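Novice: Got a structure for you, questions after.
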Amino acid sequence: KKTASVSNDWTIFDNFKLYRLTKEYTLNIPECGWETLMLPFSHEIPENLTFNSCAEIQGDRLILAEEATIVANTPYIIKGEMGEYSFSGVPTDTETLTHSSGILTGTYTDIYAPKNSYTFQTQENPMGFHRVQEENAIEVKAHHAYLTVGSNADVLLLPDGSNIKEINAYNKTVNVYDINGILIKKDVTPNEAMKGLKHSTPKVYIVNGEKVIH
């Protein structure tokens, strides 16, 4: 008869066979600097990434809240520098395939997003979460997420102005002003424009002459 005990991320059987329980996942952040993610284990947030929850919208814009750590089985909207980021840990739930938090739903298997939900689309103009018009039309890949929210908008925009055409060229710099015309940041890349500007409620900034709610 085999018996087993669990310690950290190892299962130890009395016949001395070891079965690794740790799972690994690699996230690719595209050039636009945004992506969604859900992990089956808790994890520290890597450098150069911001993990955001989303529980509401304001008009056609998402209201994001930056989180301090990654909680297992919780979908997030991520902001960060383009590149690959690796995560590893021990899954806390191997049975449930979808989890919801706020208006985000994450999946651990490839699924079709429900009709009238919103999926993240980087190839569309403007970039953002676009409404799913038909059933079985838009696939959400494993470890990613979609939005379920009552809205008449065809596109829900991200809050830092990344959807604005004028600042969507990543080889140029921009200036950031507050609503009173005071210079906040000078000659920064669009990816850096809103970074570090944190408030309990959204504020209006001017980026390259365009109003941005953040």
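Naming scheme: A, B, ... for chains in displayed order of the structure tokens; residues 1 onward per chain; ligands 1 onward as shown.
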What's around Leu104 (chain A) at 6 Å? Count only C-alpha atoms, leave out sequence neighbours fewer than 3 positions away in its own chain, and write the answer as a list of chain:residue names.

Specialist: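 Non-adjacent residues within range: A:Ser100, A:Ser101, A:Tyr146, A:Leu147.
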
Novice: Using only C-alpha atoms, which protein or nucleic acid residues come within 9 Å of region 41-53 of chain A? Drop anything in the same chain fewer than 3 positions from it, and give the result as number ranges by chain.

Specialist: A: 23, 37-38, 63-81, 85-93, 101-104

Novice: Do you know which residues are at most 10 Å from Ile179 (chain A) counting only C-alpha atoms, after dropping those on the same chain fewer than 4 positions away, and could you put them as number ranges by chain?

Specialist: A: 183, 203-206, 211-212

Novice: Figure out the distance between CA of His143 (chain A) and CA of Asn125 (chain A), please, to one decimal in Å.

Specialist: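 Pair CA of Asn125 (chain A) / CA of His143 (chain A) returns 24.2 Å.
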
Novice: Just the strand (DSSP E or B) stuff from region 27-213 of chain A, please, per backbone DSSP, written as a PyMOL selection string.

Specialist: chain A and resi 27-29+34-37+43+49-58+61-66+70+76-80+83-89+98-101+104-107+111-112+118-121+128-131+139-140+145-147+155-157+174-178+183-188+204-207+210-213

Novice: Could you tell me which of A:Val188, A:Cys32, A:Leu21, A:Ala193 comes closest to Gly83 (chain A) if we count only C-alpha atoms?

Specialist: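 Closest candidate: A:Cys32.
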
Novice: Using only C-alpha atoms, which of A:Thr122, A:Asn180, A:Thr189, A:Thr173 sits nearest Ile29 (chain A)?

Specialist: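 That would be A:Thr122, the residue with the smallest distance to Ile29 (chain A).
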
Novice: Do you have the CA of Glu84 (chain A)-CA of Thr26 (chain A) distance handy?

Specialist: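 Separation of CA of Glu84 (chain A) and CA of Thr26 (chain A): 6.5 Å.
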
Novice: By how many Å are CA of Pro40 (chain A) and CA of Glu56 (chain A) apart?

Specialist: 23.8 Å

Novice: Between A:Thr107, A:Gln123, A:Gln58, A:Asn28, which residue has the minimum interatomic distance to His144 (chain A), considering only C-alpha atoms?

Specialist: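 Under the stated criterion, the closest residue is A:Thr107.
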
Novice: Which polymer residues have any atom within 12 Å of an atom of region 131-142 of chain A, counting only C-alpha atoms, with same-chain residues fewer than 6 positions away left out, as an NGL selection string?

Specialist: :A and (25-27 or 35-40 or 60 or 75 or 97-99 or 105-121 or 124 or 148-157)
